[in-house]
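Below is structure_26.pdb, which holds PDB, C-alpha atoms.
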MODEL        1
ATOM      1  CA  MET U  66     -35.821 107.410-138.124
ATOM      2  CA  ILE U  67     -37.727 104.776-136.211
ATOM      3  CA  ILE U  68     -35.711 101.620-135.492
ATOM      4  CA  MET U  69     -38.017  98.894-136.684
ATOM      5  CA  ASP U  70     -38.322  95.316-135.591
ATOM      6  CA  LEU U  71     -40.025  93.963-138.689
ATOM      7  CA  ALA U  72     -40.144  90.385-137.416
ATOM      8  CA  ARG U  73     -41.961  91.421-134.225
ATOM      9  CA  SER U  74     -44.384  93.668-136.079
ATOM     10  CA  GLN U  75     -45.051  91.084-138.762
ATOM     11  CA  GLU U  76     -45.847  88.541-136.060
ATOM     12  CA  ALA U  77     -48.248  91.008-134.443
ATOM     13  CA  ILE U  78     -50.117  91.427-137.739
ATOM     14  CA  VAL U  79     -50.703  87.688-138.266
ATOM     15  CA  PRO U  80     -53.756  87.376-135.929
ATOM     16  CA  LEU U  81     -55.327  90.441-137.577
ATOM     17  CA  ARG U  82     -54.842  88.897-141.020
ATOM     18  CA  THR U  83     -56.274  85.598-139.759
ATOM     19  CA  ASN U  84     -59.380  87.266-138.319
ATOM     20  CA  LEU U  85     -60.104  89.212-141.497
ATOM     21  CA  ASN U  86     -59.543  86.198-143.757
ATOM     22  CA  GLN U  87     -61.943  84.175-141.612
ATOM     23  CA  THR U  88     -64.486  86.956-142.038
ATOM     24  CA  LEU U  89     -63.972  87.547-145.774
ATOM     25  CA  ILE U  90     -63.441  84.015-147.059
ATOM     26  CA  GLY U  91     -61.466  83.546-150.246
ATOM     27  CA  LYS U  92     -60.464  87.212-150.594
ATOM     28  CA  ALA U  93     -56.886  87.224-149.288
ATOM     29  CA  GLU U  94     -55.772  89.878-151.786
ATOM     30  CA  VAL U  95     -58.546  92.240-150.698
ATOM     31  CA  VAL U  96     -57.684  91.612-147.038
ATOM     32  CA  GLU U  97     -54.023  92.530-147.665
ATOM     33  CA  LYS U  98     -55.071  95.848-149.204
ATOM     34  CA  VAL U  99     -57.435  96.527-146.301
ATOM     35  CA  ILE U 100     -54.603  95.931-143.825
ATOM     36  CA  ALA U 101     -52.322  98.182-145.891
ATOM     37  CA  CYS U 102     -54.955 100.925-145.742
ATOM     38  CA  ILE U 103     -55.207 100.607-141.955
ATOM     39  CA  LEU U 104     -51.417 100.669-141.494
ATOM     40  CA  ALA U 105     -51.162 103.718-143.760
ATOM     41  CA  ARG U 106     -53.679 105.552-141.542
ATOM     42  CA  GLY U 107     -55.954 105.932-144.542
ATOM     43  CA  HIS U 108     -59.686 105.569-145.054
ATOM     44  CA  LEU U 109     -61.378 102.980-147.243
ATOM     45  CA  LEU U 110     -64.193 103.178-149.799
ATOM     46  CA  PHE U 111     -65.905  99.985-150.984
ATOM     47  CA  ASP U 112     -67.643 100.412-154.335
ATOM     48  CA  ASP U 113     -69.518  97.147-154.644
ATOM     49  CA  LEU U 114     -72.823  95.337-154.616
ATOM     50  CA  PRO U 115     -74.775  94.627-151.397
ATOM     51  CA  GLY U 116     -74.350  91.382-149.492
ATOM     52  CA  LEU U 117     -70.663  90.775-150.177
ATOM     53  CA  GLY U 118     -69.468  91.245-146.593
ATOM     54  CA  LYS U 119     -68.531  94.931-146.385
ATOM     55  CA  THR U 120     -70.396  95.598-143.131
ATOM     56  CA  THR U 121     -69.220  92.329-141.579
ATOM     57  CA  LEU U 122     -65.635  93.184-142.508
ATOM     58  CA  ALA U 123     -65.873  96.632-140.901
ATOM     59  CA  LYS U 124     -67.153  95.064-137.674
ATOM     60  CA  ALA U 125     -64.383  92.466-137.800
ATOM     61  CA  ILE U 126     -61.759  95.224-138.071
ATOM     62  CA  ALA U 127     -63.119  96.967-134.974
ATOM     63  CA  GLN U 128     -63.282  93.713-132.988
ATOM     64  CA  SER U 129     -59.790  92.686-134.106
ATOM     65  CA  ILE U 130     -58.159  95.894-132.864
ATOM     66  CA  GLY U 131     -60.255  96.095-129.709
ATOM     67  CA  GLY U 132     -61.783  99.349-130.928
ATOM     68  CA  GLN U 133     -65.199 100.938-130.695
ATOM     69  CA  PHE U 134     -67.402 100.382-133.744
ATOM     70  CA  ALA U 135     -70.118 102.748-134.963
ATOM     71  CA  ARG U 136     -72.368 102.587-138.001
ATOM     72  CA  ILE U 137     -74.147 105.306-139.941
ATOM     73  CA  GLN U 138     -76.884 104.230-142.341
ATOM     74  CA  CYS U 139     -76.774 107.106-144.805
ATOM     75  CA  THR U 140     -80.120 108.373-146.107
ATOM     76  CA  PRO U 141     -81.222 111.651-147.724
ATOM     77  CA  ASP U 142     -82.731 112.888-144.435
ATOM     78  CA  LEU U 143     -79.524 112.313-142.441
ATOM     79  CA  LEU U 144     -78.203 115.556-140.928
ATOM     80  CA  PRO U 145     -74.591 116.591-140.209
ATOM     81  CA  GLY U 146     -75.355 116.569-136.474
ATOM     82  CA  ASP U 147     -76.397 112.919-136.743
ATOM     83  CA  ILE U 148     -72.741 112.194-137.575
ATOM     84  CA  THR U 149     -70.715 114.687-135.543
ATOM     85  CA  GLY U 150     -73.024 115.165-132.559
ATOM     86  CA  PHE U 151     -74.901 118.191-131.291
ATOM     87  CA  SER U 152     -75.346 120.475-128.293
ATOM     88  CA  ILE U 153     -78.418 120.093-126.099
ATOM     89  CA  LEU U 154     -79.685 122.282-123.299
ATOM     90  CA  ASN U 155     -79.408 120.742-119.823
ATOM     91  CA  GLN U 156     -82.589 121.834-118.057
ATOM     92  CA  LYS U 157     -80.969 121.549-114.619
ATOM     93  CA  THR U 158     -77.769 123.494-115.240
ATOM     94  CA  ARG U 159     -79.261 125.736-117.965
ATOM     95  CA  GLU U 160     -76.106 125.117-119.989
ATOM     96  CA  PHE U 161     -75.573 123.459-123.331
ATOM     97  CA  GLU U 162     -73.890 120.057-123.264
ATOM     98  CA  PHE U 163     -72.310 118.334-126.244
ATOM     99  CA  ARG U 164     -73.609 114.877-127.143
ATOM    100  CA  GLN U 165     -71.089 112.941-129.205
ATOM    101  CA  GLY U 166     -72.138 111.434-132.513
ATOM    102  CA  PRO U 167     -71.023 108.122-134.048
ATOM    103  CA  VAL U 168     -67.910 109.779-135.481
ATOM    104  CA  PHE U 169     -66.394 109.486-131.986
ATOM    105  CA  SER U 170     -65.364 105.872-132.543
ATOM    106  CA  ASP U 171     -62.337 103.907-133.685
ATOM    107  CA  VAL U 172     -63.938 102.319-136.741
ATOM    108  CA  LEU U 173     -66.826 104.134-138.425
ATOM    109  CA  LEU U 174     -68.916 102.460-141.116
ATOM    110  CA  ALA U 175     -70.676 104.945-143.399
ATOM    111  CA  ASP U 176     -73.047 102.599-145.204
ATOM    112  CA  GLU U 177     -74.237 103.761-148.639
ATOM    113  CA  ILE U 178     -72.459 107.076-148.175
ATOM    114  CA  ASN U 179     -73.648 108.379-151.541
ATOM    115  CA  ARG U 180     -77.256 108.354-150.301
ATOM    116  CA  ALA U 181     -76.478 111.199-147.886
ATOM    117  CA  THR U 182     -76.824 114.752-149.186
ATOM    118  CA  PRO U 183     -73.662 116.729-150.038
ATOM    119  CA  ARG U 184     -74.179 118.838-146.904
ATOM    120  CA  THR U 185     -74.171 115.745-144.714
ATOM    121  CA  GLN U 186     -71.258 114.176-146.581
ATOM    122  CA  SER U 187     -69.249 117.321-145.822
ATOM    123  CA  ALA U 188     -69.590 116.603-142.089
ATOM    124  CA  LEU U 189     -66.927 113.932-142.581
ATOM    125  CA  PHE U 190     -64.402 116.194-144.363
ATOM    126  CA  GLU U 191     -62.652 117.513-141.255
ATOM    127  CA  ALA U 192     -62.956 114.203-139.407
ATOM    128  CA  MET U 193     -61.276 112.217-142.171
ATOM    129  CA  ALA U 194     -58.538 114.722-142.984
ATOM    130  CA  GLU U 195     -57.640 115.987-139.508
ATOM    131  CA  ARG U 196     -59.227 113.473-137.117
ATOM    132  CA  GLN U 197     -61.202 116.174-135.369
ATOM    133  CA  VAL U 198     -64.636 117.793-135.655
ATOM    134  CA  THR U 199     -65.794 121.339-135.012
ATOM    135  CA  VAL U 200     -69.273 121.867-133.598
ATOM    136  CA  ASP U 201     -70.579 125.253-132.428
ATOM    137  CA  ASN U 202     -67.085 126.745-132.759
ATOM    138  CA  GLN U 203     -65.633 124.059-130.484
ATOM    139  CA  THR U 204     -63.091 121.546-131.764
ATOM    140  CA  PHE U 205     -63.118 117.972-130.484
ATOM    141  CA  GLY U 206     -60.354 115.465-131.188
ATOM    142  CA  LEU U 207     -61.099 111.985-132.488
ATOM    143  CA  ALA U 208     -59.357 108.677-131.820
ATOM    144  CA  GLU U 209     -55.784 108.416-133.083
ATOM    145  CA  GLN U 210     -56.703 105.251-135.019
ATOM    146  CA  PHE U 211     -59.972 106.705-136.373
ATOM    147  CA  PHE U 212     -60.723 104.691-139.501
ATOM    148  CA  VAL U 213     -63.627 105.220-141.910
ATOM    149  CA  VAL U 214     -65.011 102.392-144.012
ATOM    150  CA  ALA U 215     -67.571 103.772-146.467
ATOM    151  CA  THR U 216     -69.673 101.810-148.943
ATOM    152  CA  GLN U 217     -71.565 102.739-152.054
ATOM    153  CA  ASN U 218     -73.624 100.703-154.517
ATOM    154  CA  PRO U 219     -72.342 101.252-158.085
ATOM    155  CA  VAL U 220     -75.582 100.008-159.660
ATOM    156  CA  GLU U 221     -78.287 102.142-158.070
ATOM    157  CA  SER U 222     -78.327 105.850-158.894
ATOM    158  CA  HIS U 223     -81.890 106.843-157.876
ATOM    159  CA  GLY U 224     -81.745 108.932-154.697
ATOM    160  CA  ALA U 225     -77.939 108.910-154.682
ATOM    161  CA  TYR U 226     -75.487 111.813-154.718
ATOM    162  CA  PRO U 227     -72.091 111.322-156.391
ATOM    163  CA  LEU U 228     -69.219 111.843-153.961
ATOM    164  CA  PRO U 229     -67.454 115.149-154.654
ATOM    165  CA  GLU U 230     -63.754 115.161-155.484
ATOM    166  CA  ALA U 231     -62.958 116.730-152.101
ATOM    167  CA  GLN U 232     -64.605 113.752-150.384
ATOM    168  CA  LEU U 233     -62.932 111.150-152.585
ATOM    169  CA  ASP U 234     -59.517 112.723-152.001
ATOM    170  CA  ARG U 235     -59.840 111.987-148.284
ATOM    171  CA  PHE U 236     -59.975 108.243-148.919
ATOM    172  CA  ALA U 237     -56.774 106.288-149.402
ATOM    173  CA  MET U 238     -58.225 103.429-151.434
ATOM    174  CA  LYS U 239     -61.255 102.268-153.364
ATOM    175  CA  LEU U 240     -61.731  98.496-153.357
ATOM    176  CA  ARG U 241     -64.175  95.984-154.766
ATOM    177  CA  ILE U 242     -64.745  92.621-153.080
ATOM    178  CA  GLY U 243     -66.561  90.752-155.832
ATOM    179  CA  TYR U 244     -68.306  87.404-155.548
ATOM    180  CA  PRO U 245     -66.433  84.491-153.941
ATOM    181  CA  ASP U 246     -65.538  81.504-156.083
ATOM    182  CA  THR U 247     -67.609  78.318-156.117
ATOM    183  CA  GLU U 248     -65.664  76.385-153.488
ATOM    184  CA  CYS U 249     -65.656  79.327-151.083
ATOM    185  CA  GLU U 250     -69.439  79.674-151.389
ATOM    186  CA  VAL U 251     -69.887  75.945-150.764
ATOM    187  CA  ASP U 252     -67.709  76.234-147.641
ATOM    188  CA  LEU U 253     -69.651  79.333-146.601
ATOM    189  CA  LEU U 254     -72.941  77.441-146.722
ATOM    190  CA  GLU U 255     -71.457  74.561-144.727
ATOM    191  CA  ALA U 256     -70.134  76.932-142.071
ATOM    192  CA  ASN U 257     -73.619  78.387-141.586
ATOM    193  CA  ILE U 258     -75.506  75.119-141.157
ATOM    194  CA  GLY U 259     -76.981  74.954-137.675
ATOM    195  CA  ARG U 260     -75.963  78.508-136.836
ATOM    196  CA  SER U 261     -78.159  81.485-136.099
ATOM    197  CA  ASN U 262     -77.689  84.784-137.901
ATOM    198  CA  GLN U 263     -76.006  86.171-134.810
ATOM    199  CA  LYS U 264     -72.317  85.370-135.162
ATOM    200  CA  SER U 265     -69.986  85.173-132.227
ATOM    201  CA  GLY U 266     -67.532  88.032-131.894
ATOM    202  CA  LEU U 267     -63.900  87.763-132.894
ATOM    203  CA  SER U 268     -61.185  87.898-130.285
ATOM    204  CA  PRO U 269     -59.037  91.061-130.325
ATOM    205  CA  ALA U 270     -55.955  90.355-132.429
ATOM    206  CA  LEU U 271     -54.131  93.613-131.883
ATOM    207  CA  SER U 272     -54.437  96.362-129.277
ATOM    208  CA  LEU U 273     -54.902  99.970-130.291
ATOM    209  CA  GLU U 274     -51.532 100.751-128.727
ATOM    210  CA  SER U 275     -49.785  98.027-130.760
ATOM    211  CA  LEU U 276     -51.515  99.220-133.902
ATOM    212  CA  ALA U 277     -50.299 102.776-133.274
ATOM    213  CA  ARG U 278     -46.735 101.510-132.838
ATOM    214  CA  ILE U 279     -46.848  99.554-136.087
ATOM    215  CA  GLN U 280     -48.376 102.507-137.932
ATOM    216  CA  ASP U 281     -45.449 104.640-136.732
ATOM    217  CA  GLU U 282     -43.026 101.987-137.979
ATOM    218  CA  VAL U 283     -44.732 101.908-141.365
ATOM    219  CA  ALA U 284     -44.506 105.712-141.605
ATOM    220  CA  GLY U 285     -40.740 105.390-141.061
ATOM    221  CA  ILE U 286     -40.110 102.925-143.887
ATOM    222  CA  GLN U 287     -37.459 104.290-146.245
ATOM    223  CA  VAL U 288     -38.403 105.842-149.590
ATOM    224  CA  VAL U 289     -35.266 106.796-151.513
ATOM    225  CA  GLU U 290     -35.156 109.819-153.821
ATOM    226  CA  LYS U 291     -35.430 107.945-157.113
ATOM    227  CA  VAL U 292     -38.575 106.175-155.891
ATOM    228  CA  ARG U 293     -40.023 109.474-154.677
ATOM    229  CA  ARG U 294     -39.295 111.016-158.077
ATOM    230  CA  TYR U 295     -40.980 108.058-159.771
ATOM    231  CA  LEU U 296     -44.058 108.653-157.637
ATOM    232  CA  VAL U 297     -44.061 112.365-158.513
ATOM    233  CA  ASP U 298     -43.704 111.572-162.227
ATOM    234  CA  LEU U 299     -46.740 109.287-162.014
ATOM    235  CA  ALA U 300     -48.722 111.992-160.226
ATOM    236  CA  ARG U 301     -47.798 114.545-162.887
ATOM    237  CA  ALA U 302     -48.846 112.084-165.595
ATOM    238  CA  THR U 303     -52.349 111.992-164.068
ATOM    239  CA  ARG U 304     -52.496 115.801-164.213
ATOM    240  CA  THR U 305     -51.687 115.952-167.921
ATOM    241  CA  HIS U 306     -53.762 112.965-169.079
ATOM    242  CA  ALA U 307     -56.441 113.976-171.570
ATOM    243  CA  LEU U 308     -59.193 111.942-169.887
ATOM    244  CA  ILE U 309     -58.515 113.064-166.301
ATOM    245  CA  GLU U 310     -59.984 116.427-165.378
ATOM    246  CA  LEU U 311     -58.384 116.632-161.922
ATOM    247  CA  GLY U 312     -55.105 114.811-161.443
ATOM    248  CA  LEU U 313     -53.600 113.519-158.240
ATOM    249  CA  SER U 314     -53.374 116.209-155.551
ATOM    250  CA  PRO U 315     -50.376 116.626-153.227
ATOM    251  CA  ARG U 316     -52.535 115.112-150.468
ATOM    252  CA  GLY U 317     -53.268 112.137-152.706
ATOM    253  CA  LEU U 318     -49.569 111.844-153.516
ATOM    254  CA  ILE U 319     -48.667 111.657-149.821
ATOM    255  CA  THR U 320     -51.417 109.080-149.311
ATOM    256  CA  TRP U 321     -50.037 106.978-152.180
ATOM    257  CA  GLN U 322     -46.566 107.006-150.606
ATOM    258  CA  ARG U 323     -48.007 105.904-147.248
ATOM    259  CA  VAL U 324     -49.886 103.029-148.881
ATOM    260  CA  ALA U 325     -46.715 101.974-150.718
ATOM    261  CA  GLN U 326     -44.857 102.012-147.393
ATOM    262  CA  ALA U 327     -47.538  99.723-145.949
ATOM    263  CA  MET U 328     -47.213  97.427-148.962
ATOM    264  CA  ALA U 329     -43.456  97.212-148.384
ATOM    265  CA  PHE U 330     -44.034  96.414-144.710
ATOM    266  CA  LEU U 331     -46.459  93.614-145.557
ATOM    267  CA  ASP U 332     -43.819  92.257-147.942
ATOM    268  CA  GLN U 333     -41.376  92.231-144.995
ATOM    269  CA  ARG U 334     -39.159  95.037-146.264
ATOM    270  CA  ASP U 335     -38.029  98.288-144.646
ATOM    271  CA  PHE U 336     -37.790 100.159-147.953
ATOM    272  CA  VAL U 337     -40.200 100.973-150.783
ATOM    273  CA  THR U 338     -39.583  99.745-154.330
ATOM    274  CA  PRO U 339     -41.230 100.823-157.598
ATOM    275  CA  ASP U 340     -43.174  97.547-157.439
ATOM    276  CA  ASP U 341     -44.853  98.768-154.237
ATOM    277  CA  ILE U 342     -45.844 101.962-156.044
ATOM    278  CA  ARG U 343     -47.292 100.004-158.949
ATOM    279  CA  ALA U 344     -49.043  97.455-156.708
ATOM    280  CA  SER U 345     -50.903 100.239-154.925
ATOM    281  CA  ALA U 346     -51.639 102.319-158.046
ATOM    282  CA  HIS U 347     -55.085 100.928-158.878
ATOM    283  CA  PRO U 348     -56.752 101.144-155.437
ATOM    284  CA  VAL U 349     -55.327 104.642-154.903
ATOM    285  CA  LEU U 350     -55.936 106.117-158.358
ATOM    286  CA  GLU U 351     -59.367 104.630-159.011
ATOM    287  CA  LEU U 352     -60.689 107.184-156.529
ATOM    288  CA  ARG U 353     -59.383 109.954-158.761
ATOM    289  CA  VAL U 354     -59.845 108.604-162.297
ATOM    290  CA  PRO U 355     -63.189 108.988-164.126
ATOM    291  CA  GLY U 356     -65.146 106.275-165.904
ATOM    292  CA  ASP U 357     -66.411 102.796-165.151
ATOM    293  CA  PRO U 358     -64.047 100.204-163.595
ATOM    294  CA  GLN U 359     -62.816  98.926-166.952
ATOM    295  CA  GLU U 360     -62.086 102.433-168.229
ATOM    296  CA  GLN U 361     -60.321 103.295-164.971
ATOM    297  CA  ARG U 362     -58.092 100.236-165.222
ATOM    298  CA  CYS U 363     -57.159 101.098-168.798
ATOM    299  CA  ILE U 364     -56.264 104.699-167.934
ATOM    300  CA  ILE U 365     -54.177 103.685-164.913
ATOM    301  CA  ASP U 366     -52.366 100.982-166.885
ATOM    302  CA  GLU U 367     -51.656 103.544-169.602
ATOM    303  CA  ILE U 368     -50.130 105.930-167.048
ATOM    304  CA  LEU U 369     -48.016 103.135-165.521
ATOM    305  CA  ASP U 370     -46.761 102.189-168.988
ATOM    306  CA  GLN U 371     -46.061 105.799-169.898
ATOM    307  CA  VAL U 372     -43.738 106.608-166.970
ATOM    308  CA  ALA U 373     -40.340 104.940-166.965
ATOM    309  CA  VAL U 374     -39.559 102.732-163.963
ATOM    310  CA  PRO U 375     -36.294 103.732-162.236
ATOM    311  CA  LEU U 376     -33.498 101.191-162.471
ATOM    312  CA  ASN U 377     -31.760  99.787-159.388
TER     313      ASN U 377
ENDMDL
END
With the file now loaded, output its structure as structure tokens.
Amino acid sequence: MIIMDLARSQEAIVPLRTNLNQTLIGKAEVVEKVIACILARGHLLFDDLPGLGKTTLAKAIAQSIGGQFARIQCTPDLLPGDITGFSILNQKTREFEFRQGPVFSDVLLADEINRATPRTQSALFEAMAERQVTVDNQTFGLAEQFFVVATQNPVESHGAYPLPEAQLDRFAMKLRIGYPDTECEVDLLEANIGRSNQKSGLSPALSLESLARIQDEVAGIQVVEKVRRYLVDLARATRTHALIELGLSPRGLITWQRVAQAMAFLDQRDFVTPDDIRASAHPVLELRVPGDPQEQRCIIDEILDQVAVPLN
């Protein structure tokens, strides 16, 4: 097991938290979940209205970790090769050369992912699950910290393709930002007086190497047997619930444990408690529970109430 220095790692996370809170004003709870998703080596889906800061947040993440940022604007005519890259004939050497696509980045924003066709969406399956892509029978590795932030608009359905379960299962969390409160919007307007639309870049808060070290520490946080059994019982409850067609998969179960480990780390603990499991239940399970947000919350709360919490 990794010997962790929680104090050192917590201190290293502070500038990242500061950067993201400066970018997404008044949404500290959302920022904490975003950081947990990054530390769990997961991928993030934002299901929210336009103009709430999703793209700005994705850029801020890349700048804060000193990583390369790439953006895909998903449309129905987008092709798989536009994401993964393609081979092109070099006229001088008469050999095919591979041109990397935007997936070869550290932070990839897939904007309005549900506007891409299912065939194009599937180009991200291997990249998100295995951090590699296969093109023309050749496999290319991606960055160790490869992180996908995808967005979709829950209101518009014309020209959109619902994400298949196999795609959703590759995300760790689904989050909603929501509108800021009144005072935050007043402060936001004040901050933009006299400024152009072009914002200055954030200073790197954490190196990719430091992030990798902290991610390894998070993966080593202790999860005792009774907490693991509690997590399995919750997963099995999703598989037997009358309103859920496909319950939590083993891959989703592992993802949930990783997110709970990240939650424990952010709470300055080196062990996972049932409270960490419950705190991460909604963002993890909303990817896998049908219905509108209110229905999803009710189903998840019902499952949490149904399964007994282990005693200390």
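We find CA of Ala327 in chain U and CA of Cys102 in chain U to be spaced 7.5 Å apart.
Checking U:Leu233, U:Val292, U:Val251, U:Val200 one by one against Val354 in chain U, counting only C-alpha atoms, you find the shortest gap at U:Leu233.
Using all atoms listed in the file, the contacts of Leu253 in chain U at a cut-off of 10 Å, with sequence neighbours closer than 6 positions omitted, comprise Ile90, Gly91, Pro245 and Thr247 of chain U.
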Return as a ChimeraX atom specification the set of residues that the PyMOL selection byres ((chain U and resi 137-145) around 6) yields on the displayed structure. /U:136,146-148,175-178,180-182,185,188
Take the PyMOL selection byres ((chain U and resi 100) around 10), run it mentally on this structure, and tell me the resulting residues as an MDAnalysis selection string. chainID U and resid 78 81:82 85 95:99 101:106 126 324 327:328 331
What gap, in Å, lies between CA of Val337 in chain U and CA of Val374 in chain U? 13.3 Å
Residue IDs satisfying the PyMOL selection byres ((chain U and resi 372) around 10), as a PyMOL selection string: chain U and resi 295-296+298-302+367-371+373-375
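Considering only C-alpha atoms, the residue among U:Ala135, U:Leu154, U:Val349, U:Val198 positioned nearest to Ser170 in chain U is U:Ala135.
Among U:Val283, U:Leu318, U:Leu109, U:Val288, the residue with the shortest atom-to-atom distance to Leu240 in chain U, counting only C-alpha atoms, is U:Leu109.
Ranking U:Phe211, U:Phe336, U:Tyr244, U:Phe236 by their shortest atom-to-atom distance to Thr320 in chain U, with all atoms listed in the file included, puts U:Phe236 first.
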Give me the residues within 9 Å of Asp340 in chain U as a VMD selection string, counting all atoms listed in the file and dropping any in the same chain fewer than 4 places off. chain U and resid 325 344 to 345
Would you mind reading off the distance between CA of Val213 in chain U and CA of Leu189 in chain U, one decimal, in Å? 9.3 Å
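Using only C-alpha atoms, every residue with an atom at most 9 Å from the point (-61.4, 100.7, -134.9) is listed here: Ala123, Lys124, Ile126, Ala127, Gln128, Ser129, Ile130, Gly131, Gly132, Gln133, Phe134, Ala135, Ser170, Asp171, Val172, Leu173, Ala208, Gln210, Phe211, Phe212, Val213 and Leu273 of chain U.
By chain and then residue number, the residues within 9 Å of Asp281 in chain U are Ile67, Leu104, Leu276, Ala277 and Gly285 of chain U, counting only C-alpha atoms and disregarding those fewer than 4 positions away in sequence.
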Nearest candidate to Ile364 in chain U (options U:Gln156, U:Gln75, U:Thr303, U:Gln186; using all atoms listed in the file): U:Thr303
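Proximity ranking of U:Arg334, U:Ala231, U:Leu122, U:Val79 relative to Arg316 in chain U places U:Ala231 first, based on all atoms listed in the file.
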Quick one: residues within 8 Å of range 160-165 of chain U, all atoms listed in the file, excluding same-chain residues fewer than 4 positions away - as a PyMOL selection string? chain U and resi 149-156+169
Just the residues within 12 Å of Leu352 in chain U, please, counting only C-alpha atoms, with nothing from its chain fewer than 6 positions along; format it as a ChimeraX atom specification. /U:108-112,228-241,309,311-314,317,320-321,346,358,361-362,365
Write range 340-353 of chain U as a PDB file, in the frame of the given file, completed to N, CA, C and O atoms.
ATOM      1  N   ASP U 340     -42.100  98.547-157.401  1.00  0.00           N
ATOM      2  CA  ASP U 340     -43.174  97.547-157.439  1.00  0.00           C
ATOM      3  C   ASP U 340     -44.254  97.840-156.405  1.00  0.00           C
ATOM      4  O   ASP U 340     -45.438  97.576-156.642  1.00  0.00           O
ATOM      5  N   ASP U 341     -43.868  98.386-155.254  1.00  0.00           N
ATOM      6  CA  ASP U 341     -44.853  98.768-154.237  1.00  0.00           C
ATOM      7  C   ASP U 341     -45.730  99.914-154.751  1.00  0.00           C
ATOM      8  O   ASP U 341     -46.937  99.946-154.497  1.00  0.00           O
ATOM      9  N   ILE U 342     -45.099 100.842-155.459  1.00  0.00           N
ATOM     10  CA  ILE U 342     -45.844 101.962-156.044  1.00  0.00           C
ATOM     11  C   ILE U 342     -46.860 101.433-157.052  1.00  0.00           C
ATOM     12  O   ILE U 342     -48.042 101.811-157.043  1.00  0.00           O
ATOM     13  N   ARG U 343     -46.419 100.545-157.909  1.00  0.00           N
ATOM     14  CA  ARG U 343     -47.292 100.004-158.949  1.00  0.00           C
ATOM     15  C   ARG U 343     -48.389  99.110-158.367  1.00  0.00           C
ATOM     16  O   ARG U 343     -49.534  99.129-158.837  1.00  0.00           O
ATOM     17  N   ALA U 344     -48.055  98.341-157.327  1.00  0.00           N
ATOM     18  CA  ALA U 344     -49.043  97.455-156.708  1.00  0.00           C
ATOM     19  C   ALA U 344     -50.176  98.224-156.043  1.00  0.00           C
ATOM     20  O   ALA U 344     -51.298  97.726-155.932  1.00  0.00           O
ATOM     21  N   SER U 345     -49.890  99.425-155.597  1.00  0.00           N
ATOM     22  CA  SER U 345     -50.903 100.239-154.925  1.00  0.00           C
ATOM     23  C   SER U 345     -51.545 101.265-155.856  1.00  0.00           C
ATOM     24  O   SER U 345     -52.418 102.029-155.421  1.00  0.00           O
ATOM     25  N   ALA U 346     -51.158 101.290-157.130  1.00  0.00           N
ATOM     26  CA  ALA U 346     -51.639 102.319-158.046  1.00  0.00           C
ATOM     27  C   ALA U 346     -53.148 102.242-158.269  1.00  0.00           C
ATOM     28  O   ALA U 346     -53.851 103.255-158.190  1.00  0.00           O
ATOM     29  N   HIS U 347     -53.661 101.046-158.541  1.00  0.00           N
ATOM     30  CA  HIS U 347     -55.085 100.928-158.878  1.00  0.00           C
ATOM     31  C   HIS U 347     -56.001 101.307-157.720  1.00  0.00           C
ATOM     32  O   HIS U 347     -56.910 102.122-157.902  1.00  0.00           O
ATOM     33  N   PRO U 348     -55.830 100.746-156.525  1.00  0.00           N
ATOM     34  CA  PRO U 348     -56.752 101.144-155.437  1.00  0.00           C
ATOM     35  C   PRO U 348     -56.650 102.616-155.062  1.00  0.00           C
ATOM     36  O   PRO U 348     -57.646 103.207-154.615  1.00  0.00           O
ATOM     37  N   VAL U 349     -55.477 103.220-155.244  1.00  0.00           N
ATOM     38  CA  VAL U 349     -55.327 104.642-154.903  1.00  0.00           C
ATOM     39  C   VAL U 349     -55.884 105.532-156.005  1.00  0.00           C
ATOM     40  O   VAL U 349     -56.619 106.488-155.740  1.00  0.00           O
ATOM     41  N   LEU U 350     -55.566 105.232-157.261  1.00  0.00           N
ATOM     42  CA  LEU U 350     -55.936 106.117-158.358  1.00  0.00           C
ATOM     43  C   LEU U 350     -57.379 105.955-158.816  1.00  0.00           C
ATOM     44  O   LEU U 350     -57.939 106.880-159.420  1.00  0.00           O
ATOM     45  N   GLU U 351     -57.979 104.803-158.572  1.00  0.00           N
ATOM     46  CA  GLU U 351     -59.367 104.630-159.011  1.00  0.00           C
ATOM     47  C   GLU U 351     -60.316 105.605-158.328  1.00  0.00           C
ATOM     48  O   GLU U 351     -61.414 105.859-158.818  1.00  0.00           O
ATOM     49  N   LEU U 352     -59.903 106.141-157.186  1.00  0.00           N
ATOM     50  CA  LEU U 352     -60.689 107.184-156.529  1.00  0.00           C
ATOM     51  C   LEU U 352     -60.676 108.482-157.329  1.00  0.00           C
ATOM     52  O   LEU U 352     -61.564 109.316-157.206  1.00  0.00           O
ATOM     53  N   ARG U 353     -59.640 108.658-158.147  1.00  0.00           N
ATOM     54  CA  ARG U 353     -59.383 109.954-158.761  1.00  0.00           C
ATOM     55  C   ARG U 353     -59.411 109.920-160.283  1.00  0.00           C
ATOM     56  O   ARG U 353     -59.076 110.910-160.928  1.00  0.00           O
TER      57      ARG U 353
END
